[in-house]
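J.: What follows is a structure written as structure tokens; I'll ask about it next.
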2 protein chains.
Amino acid sequence: MPGNFNPHLSVDCVVFGFNGHELKILLINRDAINEQSQSGKLKLPGDLIISGEMLNAAAQRILTEFTGLQDIYLKQFGIFDDPDRLAPYSDLEWLEARTGLKIERVVTIAYYSLVKIDLSIPTDLSIAYNARWYSCSSVPALIFDHNRIVEEGLNTLKRELLTEPLCFKLLPEKFTLNQLHRLYEAILGLSFDNRNFRKKIQRLPYIIPLNERQNGVSHKPALLHTFSYEKYLDLKKENTSFIL
Amino acid sequence: MPGNFNPHLSVDCVVFGFNGHELKILLINRDAINEQSQSGKLKLPGDLIISGEMLNAAAQRILTEFTGLQDIYLKQFGIFDDPDRLAPYSDLEWLEARTGLKIERVVTIAYYSLVKIDLSIPTDLSIAYNARWYSCSSVPALIFDHNRIVEEGLNTLKRELLTEPLCFKLLPEKFTLNQLHRLYEAILGLSFDNRNFRKKIQRLPYIIPLNERQNGVSHKPALLHTFSYEKYLDLKKENTSFIL
């Protein structure tokens, strides 16, 4: 563990992944599995920042440590500053024992991140802390206020999904309309009529049908599509100005 | 000055006001005017948070201290975390002398706020620290990274003005289309053709013409309008879903 932590500020990351069916979230065990004190408590990937470290850099560092990926999509979405957020006292004691620091109050800056599950690579830390994907629809009990952070992260993702082209960061470069449909349902927790959904999607100029079909599936292979960021920006330019 | 500060976290507020012609920003002198050490350096209203204080509460406290207003519109828009943001060393020394604390690194949480200039009331602190409205188009040199905070606050306001009904927080409840026009120009730093602007505004169902005209003006009194938040929400519901 790198020394010289700033005991007042931390970052925590809500890492979302999509496996084609379900929205997932990456959780770690709070203790390395070879430690005797292993309590089995789960938490978000996160840590105190290092003295002199910028917050965004800390979040990227932590994500790389736990996923092996570089340059991950990260969005700062909230500050969790309840002075009592490190309760109960036994969990605060665990943090002090782990860091060797006297901790009075930690304000945490929360990020959400979108990764393609199949790209993430086991790292030393992800193995040691038993990092695993859990279903977003039944998140287990986490330490501190991490369940609240997950909830607000998911609410932010739901909101931003409707105004930003975020879903494509969770899909393969070439995807089927069925995968897109399932992803929307998984994030929003709603179900959409398939025919209406396809009609709406097919009207969007930035979702491009390819001359290519799925490979190696047992059912009739579906047409693949791709997302054009350029065409998205063109459309956005026409629509930005809501009031004027 | 209330004791027991947290020397690691501060809030700073970019307070915007509109006087009917120009966008303004509230600045204070960094020293009370009765202190001998008065250096004349200007800064944003802001301060270290008090131990155990929530960030939003700290921002509201500081704004009330400097404007006399309660329940002001406040929006958290950024975290300024450069480890060297308190340079030069002489300004860091000033902060240590003022607070009596050893300061290593302060991360500041920035808010922007929208107030109607004519509502703000001089308070003990606003008089002591010589709080004044400055033109947003020529902000003087401020201490630390406060000029950068102002710039990012203004960029946030420009962006959010296009998607949120923020401008009405800067206008009187009954306003003329001319005032609205000037406000848009002042914030965006652009000039709009008057006839086109009026045409666009008159198409918006949430800007309601009243049966009432301006009073006590030398020119032909203009028709007054008001903003209907309910009608705005109705329209927004129809438009939220950009992708679906």
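How things are named: the first chain in the structure tokens is A, the next is B, and so on; residues count from 1 in each chain; ligands count from 1 in the order shown.
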Among segment 43-201 of chain B, which ones does DSSP assign to helix (DSSP H, G or I) (computed from the backbone)? Answer as a VMD selection string.

T.: chain B and resid 55 to 67 89 to 99 117 to 119 124 to 128 136 to 138 146 to 161 167 to 169 177 to 188 194 to 201

J.: Pull out every residue of chain B sitting within 10 Å of chain A, counting only C-alpha atoms, and send them as number ranges by chain.

T.: B: 6-9, 51-56, 76, 78-84, 104-105, 107, 109, 159, 161-165, 184, 192, 196-201, 203-204, 236, 239-244

J.: Produce a file of the selected residues containing C-alpha atoms, as a CSV table (one decimal), in the first residue's frame.

T.:
chain,number,residue,atom,x,y,z
B,6,ASN,CA,-11.7,22.0,9.3
B,7,PRO,CA,-8.4,23.1,7.7
B,8,HIS,CA,-8.7,20.7,4.7
B,9,LEU,CA,-12.0,21.7,3.1
B,51,SER,CA,-15.7,20.8,11.8
B,52,GLY,CA,-18.8,18.6,11.4
B,53,GLU,CA,-20.5,21.0,9.0
B,54,MET,CA,-22.0,19.8,5.7
B,55,LEU,CA,-20.8,21.5,2.6
B,56,ASN,CA,-24.2,22.7,1.4
B,76,GLN,CA,-22.4,22.8,-6.6
B,78,GLY,CA,-16.9,21.8,-9.2
B,79,ILE,CA,-14.1,20.6,-6.9
B,80,PHE,CA,-10.8,22.5,-7.1
B,81,ASP,CA,-8.2,20.2,-5.9
B,82,ASP,CA,-4.9,21.3,-7.3
B,83,PRO,CA,-2.4,20.7,-4.5
B,84,ASP,CA,-0.7,24.0,-5.4
B,104,GLU,CA,-1.3,21.9,4.2
B,105,ARG,CA,-3.8,21.5,1.4
B,107,VAL,CA,-9.6,21.3,-1.5
B,109,ILE,CA,-16.0,22.9,-3.3
B,159,ARG,CA,-24.3,25.6,-20.3
B,161,LEU,CA,-28.9,28.4,-19.0
B,162,LEU,CA,-29.7,26.5,-22.2
B,163,THR,CA,-31.3,23.5,-20.5
B,164,GLU,CA,-32.7,24.8,-17.2
B,165,PRO,CA,-35.0,27.7,-16.5
B,184,TYR,CA,-29.4,36.2,-22.2
B,192,PHE,CA,-29.3,38.2,-30.6
B,196,ASN,CA,-36.0,36.6,-33.7
B,197,PHE,CA,-35.5,36.5,-30.0
B,198,ARG,CA,-39.1,37.7,-29.3
B,199,LYS,CA,-40.5,35.3,-31.8
B,200,LYS,CA,-38.8,32.3,-30.1
B,201,ILE,CA,-39.8,33.4,-26.7
B,203,ARG,CA,-43.6,30.4,-28.8
B,204,LEU,CA,-42.7,29.1,-25.3
B,236,LYS,CA,-40.0,19.2,-20.0
B,239,ASN,CA,-38.9,16.4,-24.0
B,240,THR,CA,-36.7,14.6,-21.4
B,241,SER,CA,-36.2,11.4,-23.3
B,242,PHE,CA,-33.7,12.3,-26.0
B,243,ILE,CA,-32.9,8.8,-27.0
B,244,LEU,CA,-36.1,6.9,-26.4

J.: What residues in segment 9-238 of chain B get the DSSP label strand (DSSP E or B)? Please answer as a PyMOL selection string.

T.: chain B and resi 9-18+23-29+42-43+46-50+73-80+107-116+132-135+142+175+207-213+223-227

J.: Work out how far atom CA of Arg61 of chain B is from atom CA of Val11 of chain B, in Å to one decimal.

T.: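 According to the coordinates, atom CA of Val11 of chain B and atom CA of Arg61 of chain B are separated by 10.4 Å.
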
J.: Quick one: everything within 9 Å of Leu125 of chain A, counting only C-alpha atoms, minus sequence neighbours fewer than 3 positions away in the same chain. Send it as a list in words.

T.: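 My reading of the contact set: Ala32, Glu65, Phe66, Thr67, Pro122, Ala128, Tyr129, Asn130 and Ala131 of chain A.
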
J.: Rank nothing, just name the residue among B:Phe227, B:Phe5, B:Phe175, B:Phe168 nearest to Gly100 of chain B, using only C-alpha atoms.

T.: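 Of B:Phe227, B:Phe5, B:Phe175, B:Phe168, the one nearest Gly100 of chain B is B:Phe5, counting only C-alpha atoms.
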
J.: Can you tell me how far atom CA of Gly68 of chain A sits from atom CA of Pro140 of chain A, in Å to one decimal?

T.: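 Here the two named atoms are 24.2 Å from each other.
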
J.: Show me, as a list of chain:residue names, the residues that have an atom within 6 Å of segment 185-190 of chain A when counting only C-alpha atoms, minus same-chain residues fewer than 4 positions from it.

T.: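 Once the nearby chain positions are removed, what remains is A:Glu22, A:Leu23, A:Lys158.
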
J.: For a test of reading the model, state the distance in Å between atom CA of Leu142 of chain B and atom CA of Asp118 of chain B, rounded to one decimal.

T.: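 So the two atoms, atom CA of Leu142 of chain B and atom CA of Asp118 of chain B, lie 24.7 Å apart.
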
J.: Skipping near chain neighbours, those fewer than 6 positions away, what residues fall within 7 Å of Leu114 of chain A using only C-alpha atoms, listed as a ChimeraX atom specification?

T.: /A:15-17,73,169-170

J.: Excluding segment 145-157 of chain A and residues on its chain fewer than 5 positions from it, collect all residues at most 8 Å away from it, counting only C-alpha atoms, and give them as a PyMOL selection string.

T.: chain A and resi 14+43-44+77+80+85-86+110-112+139+187

J.: Output C-alpha atoms for every residue in that selection, as a PDB file, in the first residue's frame.

T.:
ATOM      1  CA  VAL A  14     -19.340   2.804  -8.661  1.00  0.00           C
ATOM      2  CA  LYS A  43     -17.300  -2.178  -0.278  1.00  0.00           C
ATOM      3  CA  LEU A  44     -16.838  -0.103  -3.411  1.00  0.00           C
ATOM      4  CA  PHE A  77     -21.221  12.590  -9.574  1.00  0.00           C
ATOM      5  CA  PHE A  80     -20.617  12.452   0.408  1.00  0.00           C
ATOM      6  CA  ARG A  85     -20.753   8.526   7.415  1.00  0.00           C
ATOM      7  CA  LEU A  86     -17.954   6.301   8.786  1.00  0.00           C
ATOM      8  CA  ALA A 110     -17.900   9.576  -5.771  1.00  0.00           C
ATOM      9  CA  TYR A 111     -17.370   8.596  -9.397  1.00  0.00           C
ATOM     10  CA  TYR A 112     -19.285   6.291 -11.622  1.00  0.00           C
ATOM     11  CA  VAL A 139     -26.707  -5.093  -4.096  1.00  0.00           C
ATOM     12  CA  ILE A 187     -30.445   0.400 -16.355  1.00  0.00           C
TER      13      ILE A 187
END
